[in-house]
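Structure file run06.tsv (TSV, C-alpha atoms) follows.
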```
chain	number	residue	atom	x	y	z
A	1	MET	CA	11.55	-86.02	17.41
A	2	ALA	CA	8.66	-84.12	19.00
A	3	THR	CA	6.40	-85.92	21.41
A	4	ASN	CA	3.30	-84.66	19.59
A	5	ALA	CA	4.49	-86.17	16.32
A	6	VAL	CA	5.13	-89.56	17.94
A	7	ALA	CA	1.75	-89.57	19.66
A	8	TYR	CA	0.06	-88.57	16.40
A	9	ALA	CA	1.84	-91.38	14.54
A	10	VAL	CA	0.78	-93.95	17.15
A	11	LEU	CA	-2.85	-92.81	16.87
A	12	MET	CA	-2.70	-93.00	13.08
A	13	ILE	CA	-1.14	-96.47	13.05
A	14	CYS	CA	-3.80	-97.78	15.46
A	15	SER	CA	-6.55	-96.15	13.38
A	16	SER	CA	-5.18	-97.69	10.20
A	17	ALA	CA	-5.05	-101.18	11.73
A	18	CYS	CA	-8.60	-100.87	13.10
A	19	SER	CA	-9.90	-99.54	9.80
A	20	VAL	CA	-8.36	-102.33	7.74
A	21	CYS	CA	-9.47	-105.10	10.12
A	22	GLY	CA	-13.00	-103.80	10.65
A	23	ASN	CA	-13.80	-103.06	7.02
A	24	THR	CA	-12.22	-106.28	5.77
A	25	MET	CA	-14.31	-108.25	8.26
A	26	LEU	CA	-17.48	-106.44	7.16
A	27	LEU	CA	-16.76	-107.15	3.50
A	28	LEU	CA	-16.18	-110.83	4.22
A	29	VAL	CA	-19.40	-111.07	6.24
A	30	VAL	CA	-21.39	-109.52	3.39
A	31	LEU	CA	-19.76	-111.72	0.75
A	32	LEU	CA	-20.15	-114.96	2.75
A	33	ASN	CA	-23.83	-114.44	3.64
A	34	LYS	CA	-26.33	-114.22	0.82
A	35	ASN	CA	-29.11	-112.90	3.05
A	36	LEU	CA	-27.14	-109.65	3.54
A	37	ARG	CA	-26.76	-109.07	-0.20
A	38	THR	CA	-30.00	-107.16	-0.66
A	39	ASP	CA	-30.80	-104.71	-3.46
A	40	THR	CA	-29.07	-101.90	-1.56
A	41	TRP	CA	-25.96	-103.74	-0.38
A	42	PRO	CA	-23.73	-101.78	-2.86
A	43	LEU	CA	-24.24	-98.71	-0.61
A	44	THR	CA	-22.79	-100.58	2.35
A	45	CYS	CA	-19.90	-101.90	0.27
A	46	SER	CA	-19.24	-98.39	-1.05
A	47	PHE	CA	-18.54	-96.72	2.29
A	48	CYS	CA	-16.76	-99.89	3.44
A	49	LEU	CA	-14.36	-99.80	0.49
A	50	CYS	CA	-13.78	-96.06	0.96
A	51	ASP	CA	-12.87	-96.54	4.61
A	52	LEU	CA	-10.63	-99.48	3.73
A	53	ALA	CA	-8.83	-97.37	1.11
A	54	LEU	CA	-8.34	-94.58	3.67
A	55	GLY	CA	-6.84	-97.10	6.08
A	56	LEU	CA	-4.41	-98.29	3.41
A	57	SER	CA	-3.38	-94.96	1.85
A	58	VAL	CA	-3.99	-91.62	3.55
A	59	ILE	CA	-3.70	-92.70	7.20
A	60	PRO	CA	-0.36	-94.58	6.81
A	61	PHE	CA	1.00	-91.70	4.72
A	62	SER	CA	0.14	-89.27	7.52
A	63	ALA	CA	1.83	-91.51	10.10
A	64	HIS	CA	4.95	-91.77	7.92
A	65	THR	CA	5.08	-88.00	7.45
A	66	SER	CA	4.78	-87.25	11.17
A	67	LEU	CA	7.60	-89.67	12.02
A	68	PHE	CA	10.14	-89.31	9.20
A	69	ARG	CA	9.30	-86.07	7.39
A	70	PRO	CA	7.50	-83.60	9.63
A	71	GLU	CA	8.50	-80.71	7.38
A	72	GLY	CA	6.24	-82.26	4.76
A	73	TYR	CA	6.30	-82.48	0.98
A	74	PRO	CA	6.09	-79.67	-1.58
A	75	GLY	CA	2.49	-78.51	-1.75
A	76	GLU	CA	2.50	-78.40	-5.55
A	77	GLY	CA	4.16	-81.79	-5.96
A	78	VAL	CA	2.38	-84.74	-7.51
A	79	LEU	CA	2.53	-86.83	-4.32
A	80	CYS	CA	0.97	-84.14	-2.14
A	81	GLN	CA	-1.72	-83.29	-4.69
A	82	ALA	CA	-2.63	-86.97	-5.17
A	83	THR	CA	-2.82	-87.56	-1.41
A	84	ALA	CA	-5.07	-84.55	-0.89
A	85	PHE	CA	-7.27	-85.63	-3.82
A	86	LEU	CA	-7.68	-89.10	-2.26
A	87	PHE	CA	-8.36	-87.55	1.14
A	88	VAL	CA	-11.28	-85.47	-0.18
A	89	LEU	CA	-12.61	-88.10	-2.58
A	90	LEU	CA	-12.68	-90.98	-0.10
A	91	GLN	CA	-14.05	-88.89	2.78
A	92	LEU	CA	-16.88	-87.47	0.67
A	93	ALA	CA	-17.72	-90.83	-0.91
A	94	SER	CA	-17.73	-92.52	2.49
A	95	ILE	CA	-19.99	-90.03	4.24
A	96	HIS	CA	-22.43	-89.74	1.30
A	97	SER	CA	-22.65	-93.52	0.86
A	98	LEU	CA	-23.25	-93.80	4.60
A	99	THR	CA	-26.00	-91.17	4.33
A	100	TRP	CA	-27.82	-93.11	1.62
A	101	ALA	CA	-27.42	-96.33	3.60
A	102	THR	CA	-29.12	-94.50	6.50
A	103	VAL	CA	-31.91	-93.37	4.16
A	104	ASP	CA	-32.32	-97.01	3.12
A	105	LYS	CA	-32.54	-98.08	6.78
A	106	PHE	CA	-35.02	-95.28	7.52
A	107	THR	CA	-37.25	-96.30	4.60
A	108	GLU	CA	-37.14	-99.95	5.64
A	109	ILE	CA	-38.24	-99.09	9.20
A	110	CYS	CA	-40.76	-96.30	8.64
A	111	PHE	CA	-42.19	-97.33	5.25
A	112	ALA	CA	-41.98	-101.09	5.46
A	113	LEU	CA	-44.99	-101.78	3.19
A	114	SER	CA	-43.69	-99.71	0.26
A	115	TYR	CA	-39.97	-100.32	0.86
A	116	ALA	CA	-39.61	-102.92	-1.91
A	117	GLN	CA	-41.02	-100.46	-4.47
A	118	VAL	CA	-39.01	-97.46	-3.25
A	119	PHE	CA	-35.50	-98.95	-3.05
A	120	THR	CA	-34.83	-101.24	-5.99
A	121	ALA	CA	-31.48	-102.51	-7.22
A	122	ARG	CA	-31.52	-100.18	-10.23
A	123	ARG	CA	-32.20	-97.13	-8.08
A	124	ALA	CA	-29.49	-98.12	-5.62
A	125	TRP	CA	-26.91	-98.32	-8.42
A	126	ALA	CA	-28.13	-94.99	-9.83
A	127	VAL	CA	-27.73	-93.34	-6.41
A	128	LEU	CA	-24.26	-94.83	-6.06
A	129	ALA	CA	-23.22	-93.56	-9.51
A	130	SER	CA	-24.49	-90.06	-8.66
A	131	VAL	CA	-22.61	-90.06	-5.35
A	132	TRP	CA	-19.29	-91.00	-6.93
A	133	THR	CA	-19.76	-88.52	-9.78
A	134	TYR	CA	-20.36	-85.69	-7.32
A	135	CYS	CA	-17.38	-86.72	-5.17
A	136	LEU	CA	-15.03	-86.94	-8.16
A	137	LEU	CA	-16.05	-83.50	-9.41
A	138	ASN	CA	-15.73	-81.95	-5.96
A	139	ALA	CA	-12.30	-83.48	-5.34
A	140	ALA	CA	-11.05	-82.39	-8.78
A	141	LEU	CA	-11.97	-78.70	-8.35
A	142	PRO	CA	-8.69	-77.66	-6.60
A	143	LEU	CA	-6.73	-79.36	-9.38
A	144	VAL	CA	-8.26	-76.95	-11.91
A	145	GLY	CA	-7.86	-73.83	-9.80
A	146	PHE	CA	-11.04	-73.59	-7.72
A	147	GLY	CA	-9.55	-73.98	-4.25
A	148	SER	CA	-6.13	-75.40	-3.47
A	149	TYR	CA	-4.43	-78.40	-1.95
A	150	GLY	CA	-1.36	-78.10	0.25
A	151	TYR	CA	0.61	-79.64	3.09
A	152	SER	CA	-0.48	-78.67	6.60
A	153	ALA	CA	2.32	-78.89	9.15
A	154	GLY	CA	-0.14	-79.07	12.04
A	155	ARG	CA	-2.10	-81.94	10.47
A	156	TYR	CA	0.89	-83.83	8.97
A	157	VAL	CA	-1.15	-84.50	5.85
A	158	CYS	CA	-1.87	-82.94	2.47
A	159	ALA	CA	-5.43	-81.62	2.53
A	160	PRO	CA	-7.57	-78.70	1.31
A	161	SER	CA	-6.16	-75.33	2.26
A	162	PHE	CA	-8.46	-73.29	4.51
A	163	ARG	CA	-7.09	-69.90	3.49
A	164	SER	CA	-9.39	-66.94	3.06
A	165	SER	CA	-8.79	-67.01	-0.70
A	166	CYS	CA	-10.44	-70.48	-0.90
A	167	VAL	CA	-13.69	-69.63	0.89
A	168	GLY	CA	-15.85	-70.71	-2.06
A	169	PHE	CA	-14.39	-74.21	-2.24
A	170	ASN	CA	-14.34	-74.58	1.55
A	171	VAL	CA	-18.03	-73.72	1.79
A	172	LEU	CA	-18.83	-76.20	-0.99
A	173	PHE	CA	-16.63	-78.93	0.51
A	174	VAL	CA	-17.58	-78.51	4.15
A	175	GLY	CA	-21.12	-77.17	3.80
A	176	LEU	CA	-22.58	-79.33	1.04
A	177	GLY	CA	-20.16	-82.24	1.30
A	178	ILE	CA	-20.01	-82.75	5.09
A	179	ILE	CA	-22.50	-80.68	7.08
A	180	ALA	CA	-25.53	-81.48	4.90
A	181	PRO	CA	-25.19	-85.30	5.01
A	182	ILE	CA	-24.44	-85.26	8.75
A	183	LEU	CA	-27.57	-83.18	9.41
A	184	VAL	CA	-29.63	-85.55	7.24
A	185	MET	CA	-28.37	-88.59	9.14
A	186	CYS	CA	-28.95	-86.98	12.55
A	187	CYS	CA	-32.50	-85.98	11.57
A	188	LEU	CA	-33.28	-89.48	10.27
A	189	TYR	CA	-31.86	-91.08	13.40
A	190	GLY	CA	-33.88	-88.69	15.55
A	191	TYR	CA	-37.10	-89.54	13.74
A	192	ILE	CA	-36.38	-93.28	14.03
A	193	VAL	CA	-35.87	-92.85	17.78
A	194	TYR	CA	-39.18	-90.95	17.98
A	195	VAL	CA	-40.99	-93.73	16.10
A	196	ALA	CA	-39.36	-96.38	18.30
A	197	LYS	CA	-40.40	-94.55	21.45
A	198	LYS	CA	-43.96	-94.24	20.15
A	199	GLN	CA	-44.11	-97.93	19.25
A	200	ALA	CA	-42.71	-98.92	22.64
A	201	ARG	CA	-45.52	-97.05	24.40
A	202	ARG	CA	-48.24	-98.45	22.19
A	203	GLY	CA	-46.89	-101.97	21.83
A	204	THR	CA	-46.42	-103.82	18.58
A	205	PHE	CA	-47.29	-107.24	17.26
A	206	VAL	CA	-45.22	-108.63	14.41
A	207	CYS	CA	-46.82	-111.37	12.33
A	208	ASN	CA	-45.50	-113.88	9.85
A	209	GLU	CA	-47.18	-116.70	7.92
A	210	GLN	CA	-47.61	-118.88	10.99
A	211	HIS	CA	-48.24	-116.72	14.05
A	212	CYS	CA	-47.94	-113.28	15.63
A	213	PHE	CA	-45.74	-112.31	18.54
A	214	TYR	CA	-45.35	-109.27	20.75
A	215	VAL	CA	-42.24	-107.10	20.39
A	216	PRO	CA	-40.95	-106.03	23.84
A	217	ALA	CA	-40.25	-102.39	24.57
A	218	ASN	CA	-36.61	-103.23	25.34
A	219	ASN	CA	-36.00	-103.94	21.66
A	220	TYR	CA	-37.07	-100.42	20.73
A	221	LEU	CA	-35.02	-98.97	23.58
A	222	ARG	CA	-31.91	-100.85	22.42
A	223	SER	CA	-32.37	-99.67	18.84
A	224	SER	CA	-32.83	-96.09	20.04
A	225	ILE	CA	-29.59	-96.22	22.02
A	226	VAL	CA	-27.73	-97.46	18.93
A	227	MET	CA	-29.12	-94.61	16.81
A	228	ILE	CA	-28.23	-91.99	19.42
A	229	VAL	CA	-24.68	-93.32	19.81
A	230	THR	CA	-24.21	-93.27	16.03
A	231	ALA	CA	-25.35	-89.64	15.77
A	232	VAL	CA	-23.15	-88.60	18.71
A	233	CYS	CA	-20.10	-90.29	17.19
A	234	LEU	CA	-20.64	-88.47	13.89
A	235	LEU	CA	-20.88	-85.10	15.63
A	236	VAL	CA	-17.90	-85.70	17.91
A	237	CYS	CA	-15.65	-86.80	15.04
A	238	TRP	CA	-16.61	-84.10	12.51
A	239	LEU	CA	-17.52	-81.04	14.59
A	240	PRO	CA	-13.90	-80.02	15.54
A	241	TYR	CA	-12.79	-80.26	11.90
A	242	ILE	CA	-15.77	-78.16	10.72
A	243	VAL	CA	-15.15	-75.50	13.38
A	244	LEU	CA	-11.45	-75.21	12.49
A	245	CYS	CA	-12.29	-74.99	8.80
A	246	PHE	CA	-14.59	-72.00	9.27
A	247	TYR	CA	-12.24	-70.42	11.81
A	248	GLU	CA	-9.26	-70.48	9.43
A	249	SER	CA	-11.31	-69.49	6.38
A	250	LEU	CA	-13.02	-66.51	8.00
A	251	THR	CA	-10.17	-65.16	10.16
A	252	GLY	CA	-7.21	-66.00	7.95
A	253	ARG	CA	-5.30	-67.38	10.94
A	254	GLU	CA	-3.97	-70.83	11.43
A	255	SER	CA	-5.37	-72.91	14.27
A	256	PRO	CA	-3.04	-74.34	16.94
A	257	GLU	CA	-1.14	-77.41	15.77
A	258	PRO	CA	-2.40	-79.79	18.51
A	259	ALA	CA	-6.00	-78.81	17.75
A	260	SER	CA	-5.47	-79.34	14.00
A	261	ALA	CA	-3.83	-82.71	14.58
A	262	VAL	CA	-6.61	-83.96	16.89
A	263	ALA	CA	-9.34	-82.74	14.53
A	264	THR	CA	-7.74	-84.46	11.53
A	265	TRP	CA	-7.23	-87.68	13.47
A	266	LEU	CA	-10.89	-87.73	14.55
A	267	VAL	CA	-12.02	-87.31	10.93
A	268	LEU	CA	-9.80	-90.17	9.75
A	269	PHE	CA	-10.76	-92.30	12.75
A	270	THR	CA	-14.34	-92.43	11.41
A	271	SER	CA	-13.09	-94.96	8.86
A	272	ALA	CA	-12.44	-97.35	11.76
A	273	LEU	CA	-15.73	-96.58	13.54
A	274	ASN	CA	-18.11	-96.83	10.57
A	275	PRO	CA	-18.20	-100.63	10.19
A	276	TRP	CA	-18.93	-101.06	13.91
A	277	ILE	CA	-21.46	-98.34	14.67
A	278	ASN	CA	-23.35	-98.58	11.39
A	279	SER	CA	-23.34	-102.31	10.58
A	280	MET	CA	-22.16	-104.49	13.46
A	281	THR	CA	-24.67	-102.87	15.83
A	282	GLN	CA	-27.46	-104.50	13.78
A	283	THR	CA	-28.65	-107.94	14.85
A	284	ARG	CA	-28.56	-109.47	11.37
A	285	TYR	CA	-24.92	-108.49	10.86
A	286	ARG	CA	-23.90	-109.92	14.23
A	287	ALA	CA	-25.76	-113.16	13.48
A	288	ALA	CA	-24.08	-113.33	10.06
A	289	LEU	CA	-20.68	-112.76	11.71
A	290	ARG	CA	-21.24	-115.65	14.13
A	291	LEU	CA	-22.37	-117.86	11.25
A	292	SER	CA	-19.30	-116.93	9.19
A	293	LEU	CA	-16.97	-117.70	12.11
A	294	THR	CA	-18.66	-121.09	12.54
A	295	LYS	CA	-18.21	-121.85	8.84
A	296	LEU	CA	-14.55	-120.89	8.93
A	297	ARG	CA	-13.98	-123.03	12.03
A	298	GLN	CA	-15.61	-126.04	10.39
A	299	MET	CA	-13.60	-125.48	7.24
A	300	PHE	CA	-10.30	-125.47	9.15
A	301	GLN	CA	-11.31	-128.57	11.11
A	302	GLN	CA	-12.18	-130.48	7.92
A	303	ARG	CA	-8.91	-129.42	6.34
A	304	ARG	CA	-7.00	-130.59	9.41
A	305	LYS	CA	-8.78	-133.96	9.36
A	306	SER	CA	-8.08	-134.44	5.65
A	307	THR	CA	-4.41	-133.56	6.22
A	308	VAL	CA	-4.14	-136.14	9.02
A	309	SER	CA	-5.84	-138.85	6.93
A	310	GLN	CA	-3.55	-138.12	3.97
A	311	SER	CA	-0.50	-138.34	6.23
A	312	THR	CA	-1.71	-141.68	7.62
A	313	THR	CA	-2.31	-143.06	4.11
A	314	ILE	CA	1.14	-141.98	2.94
A	315	TRP	CA	2.79	-143.52	6.03
A	316	THR	CA	0.94	-146.84	5.50
A	317	ALA	CA	1.91	-146.97	1.83
A	318	ARG	CA	5.56	-146.31	2.65
A	319	ALA	CA	5.50	-149.02	5.31
A	320	ARG	CA	4.12	-151.55	2.81
A	321	GLU	CA	6.72	-150.60	0.24
A	322	SER	CA	9.50	-151.04	2.79
A	323	CYS	CA	8.11	-154.47	3.74
A	324	SER	CA	7.91	-155.68	0.15
A	325	SER	CA	11.43	-154.48	-0.60
A	326	VAL	CA	13.07	-156.60	2.17
A	327	PRO	CA	15.04	-159.46	0.41
A	328	PRO	CA	14.71	-163.05	1.74
A	329	PRO	CA	17.62	-164.40	3.80
A	330	PRO	CA	20.17	-166.70	2.08
A	331	ALA	CA	19.85	-170.48	2.26
A	332	SER	CA	21.20	-171.93	5.49
A	333	ALA	CA	24.32	-174.10	5.54
A	334	PRO	CA	24.04	-177.91	5.98
A	335	PRO	CA	23.38	-178.54	9.66
A	336	THR	CA	25.38	-180.95	11.75
A	337	ASN	CA	23.85	-184.24	12.86
A	338	HIS	CA	22.23	-184.15	16.29
A	339	THR	CA	22.58	-187.33	18.36
A	340	HIS	CA	20.07	-186.31	20.99
A	341	PRO	CA	16.88	-188.35	20.57
A	342	LEU	CA	14.63	-185.37	21.21
A	343	ALA	CA	16.47	-183.07	18.80
A	344	LEU	CA	14.34	-181.73	15.96
A	345	PRO	CA	15.36	-182.74	12.48
A	346	SER	CA	17.17	-180.08	10.50
A	347	ILE	CA	15.76	-178.32	7.48
A	348	PRO	CA	17.13	-179.88	4.28
A	349	GLN	CA	19.43	-177.83	2.13
A	350	GLY	CA	17.64	-175.76	-0.45
A	351	LYS	CA	14.39	-175.63	1.54
A	352	SER	CA	14.39	-172.34	3.35
A	353	PHE	CA	11.74	-169.98	4.57
A	354	SER	CA	11.91	-166.26	5.11
A	355	ILE	CA	10.50	-164.24	7.99
A	356	SER	CA	9.42	-160.76	7.09
A	357	THR	CA	10.32	-158.01	9.46
A	358	CYS	CA	6.77	-156.61	9.06
A	359	THR	CA	5.05	-159.79	10.31
A	360	SER	CA	3.69	-159.95	13.81
A	361	PRO	CA	5.47	-162.27	16.36
A	362	SER	CA	2.54	-164.73	16.53
A	363	ARG	CA	2.56	-165.19	12.78
A	364	VAL	CA	6.35	-165.67	12.82
A	365	ALA	CA	6.05	-168.44	15.43
A	366	SER	CA	3.27	-170.17	13.49
A	367	ALA	CA	5.26	-170.03	10.28
A	368	SER	CA	8.32	-171.56	12.03
A	369	GLN	CA	6.32	-174.51	13.47
A	370	ASP	CA	4.70	-175.28	10.10
A	371	ASN	CA	8.04	-175.36	8.31
A	372	VAL	CA	9.58	-177.64	10.94
A	373	TYR	CA	6.60	-180.05	10.76
A	374	ASN	CA	6.84	-180.23	6.96
A	375	SER	CA	10.56	-180.94	7.07
A	376	MET	CA	10.03	-183.83	9.52
A	377	HIS	CA	7.51	-185.50	7.20
A	378	SER	CA	9.68	-185.01	4.16
A	379	SER	CA	12.69	-186.58	5.90
A	380	GLY	CA	10.58	-189.51	7.11
```

Could you write out this file's structure as structure tokens?
Amino acid sequence: MATNAVAYAVLMICSSACSVCGNTMLLLVVLLNKNLRTDTWPLTCSFCLCDLALGLSVIPFSAHTSLFRPEGYPGEGVLCQATAFLFVLLQLASIHSLTWATVDKFTEICFALSYAQVFTARRAWAVLASVWTYCLLNAALPLVGFGSYGYSAGRYVCAPSFRSSCVGFNVLFVGLGIIAPILVMCCLYGYIVYVAKKQARRGTFVCNEQHCFYVPANNYLRSSIVMIVTAVCLLVCWLPYIVLCFYESLTGRESPEPASAVATWLVLFTSALNPWINSMTQTRYRAALRLSLTKLRQMFQQRRKSTVSQSTTIWTARARESCSSVPPPPASAPPTNHTHPLALPSIPQGKSFSISTCTSPSRVASASQDNVYNSMHSSG
């Protein structure tokens, strides 16, 4: 087995694990905290579910192919066509949902006074329906003859074919489906950084119902760094794939296999990066994550305490049952006469007392003395 294939499989397995863990955690944080479920939270859940589906379907399939079937599957087979369809559909839906989530963030920051009227729940659902309709139509075009899907030996995955005969679909897929939303997000992030820099120089006071307080310039600087890192990550992950697409479409040559493999891995690795660089970098999401972890810890502690108390109750009940089920000892035989003057009188026949094995020693001694004293008076 080639070293490149093993390294590619390791990268894909790690990406799949990170994608599943990160997106599952983000979904749980959103579902467990009501303050995060705003009117536009379906946009966040949309790209989160797309990335989670990529981590559960396309990425493991690519790892399996590189390890056990590097020659690939028939390009016209149902399995290869379905995998390529999912690859295009989920990637487009993820990046377009992420773009509209960025537009929502931009509107909330730069148009705070009119934000509630601009982004309503109905408009968010309408945007989401339009995004998925466009992505479904775009991904279905090669299935009806406009473009083609096939297995790429250098990428170890079924994906759109970048042959010169599919230039029209490649321009539509890469140009309108990938380049346009990335440019929109980079421009919005750049404008947010510009506004943050301007506010940091001028100084800002934020007021609520009770008082006003000054916002330090470090807050704007931190937010600007987050925006810049997000834009850089988008460009680093998508730029090699875009360059190879245009290179193969315009020249008709295939790119080197290591370059194709790295470019495809970077594109799929965005599914693991998105929940961290787009959501967990925000203060409210980190605070919600800490709150969710505290709730889960308290829940497990309460469950452990209830389990211990139930075990103690069951043990006590079993001990009582065992004590009540102990039969009394048989009547003692007639004792022999003691001639010693200080000898205690014997207990008459038929008058016996039982000592429970569950009684404490002090109570056993007290019960023995009382029975002896009663037998002395009865004999006298």

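Reported to one decimal place, the separation of atom CA of Lys197 of chain A from atom CA of Ile109 of chain A is 13.2 Å.
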
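Between Ala63 of chain A and the candidates A:Arg155, A:Arg163, A:Arg290, A:Lys105, the tightest atom-to-atom separation, counting all atoms listed in the file, involves A:Arg155.
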
Could you produce a table of the residues of segment 10-67 of chain A lying within 8 Å of segment 122-131 of chain A, with the nearest pair of atoms per residue and their separation in Å rounded to one decimal, using all atoms listed in the file, ordered by chain and increasing residue number, as a Markdown table?
```
| residue | atom | partner | partner_atom | distance |
| --- | --- | --- | --- | --- |
| A:Asp39 | CA | A:Ala124 | CA | 7.1 |
| A:Thr40 | CA | A:Ala124 | CA | 5.6 |
| A:Pro42 | CA | A:Trp125 | CA | 7.3 |
| A:Leu43 | CA | A:Leu128 | CA | 6.7 |
| A:Ser46 | CA | A:Leu128 | CA | 7.9 |
```

Taking all atoms listed in the file into account, which of A:Leu27, A:Leu296, A:Val58, A:Val157 comes nearest Ser15 of chain A? A:Val58

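Minimum distance to Ala261 of chain A across A:Pro60, A:Pro240, A:Gly150, A:Gly177 (counting only C-alpha atoms) occurs at A:Pro240.
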
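Ranking A:Cys158, A:Ala317, A:Cys237, A:Ala153 by their shortest atom-to-atom distance to Gly77 of chain A, with only C-alpha atoms included, puts A:Cys158 first.
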
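Among A:Arg320, A:Arg286, A:Arg297, A:Lys305, the residue with the shortest atom-to-atom distance to Met25 of chain A, counting all atoms listed in the file, is A:Arg286.
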
Can you pull out the residues contacting segment 50-54 of chain A? Cut-off 9 Å, using all atoms listed in the file, and skip same-chain residues under 5 positions away; I want them as a VMD selection string. chain A and resid 16 19 to 24 45 59 to 60 86 to 87 89 to 91 93 to 94 268 270 to 272 274 to 275

Write to file, as a short mmCIF file (atom, residue, chain, number, x, y, z; two decimals), keeping the file's coordinate frame, the residues of the selection just made, with C-alpha atoms.
```cif
data_model
loop_
_atom_site.label_atom_id
_atom_site.label_comp_id
_atom_site.auth_asym_id
_atom_site.auth_seq_id
_atom_site.Cartn_x
_atom_site.Cartn_y
_atom_site.Cartn_z
CA SER A 16 -5.18 -97.69 10.20
CA SER A 19 -9.90 -99.54 9.80
CA VAL A 20 -8.36 -102.33 7.74
CA CYS A 21 -9.47 -105.10 10.12
CA GLY A 22 -13.00 -103.80 10.65
CA ASN A 23 -13.80 -103.06 7.02
CA THR A 24 -12.22 -106.28 5.77
CA CYS A 45 -19.90 -101.90 0.27
CA ILE A 59 -3.70 -92.70 7.20
CA PRO A 60 -0.36 -94.58 6.81
CA LEU A 86 -7.68 -89.10 -2.26
CA PHE A 87 -8.36 -87.55 1.14
CA LEU A 89 -12.61 -88.10 -2.58
CA LEU A 90 -12.68 -90.98 -0.10
CA GLN A 91 -14.05 -88.89 2.78
CA ALA A 93 -17.72 -90.83 -0.91
CA SER A 94 -17.73 -92.52 2.49
CA LEU A 268 -9.80 -90.17 9.75
CA THR A 270 -14.34 -92.43 11.41
CA SER A 271 -13.09 -94.96 8.86
CA ALA A 272 -12.44 -97.35 11.76
CA ASN A 274 -18.11 -96.83 10.57
CA PRO A 275 -18.20 -100.63 10.19
#
```

Test item: residues at most 10 Å from Gln81 of chain A, only C-alpha atoms, excluding those fewer than 6 positions along its chain, as a ChimeraX atom specification: /A:73-75,87,142-143,148-151,158-160

Select, from A:Val267, A:Val167, A:Val29, A:Leu56, the residue with the minimum atom-to-atom distance to Thr251 of chain A, counting all atoms listed in the file. A:Val167

Enumerate, as a VMD selection string, the protein, DNA and RNA residues whose atoms approach (0.0, -86.5, 18.6) to within 10 Å, taking into account all atoms listed in the file and the coordinate frame of the file. chain A and resid 2 to 12 66 154 to 155 257 to 259 261 to 262 265
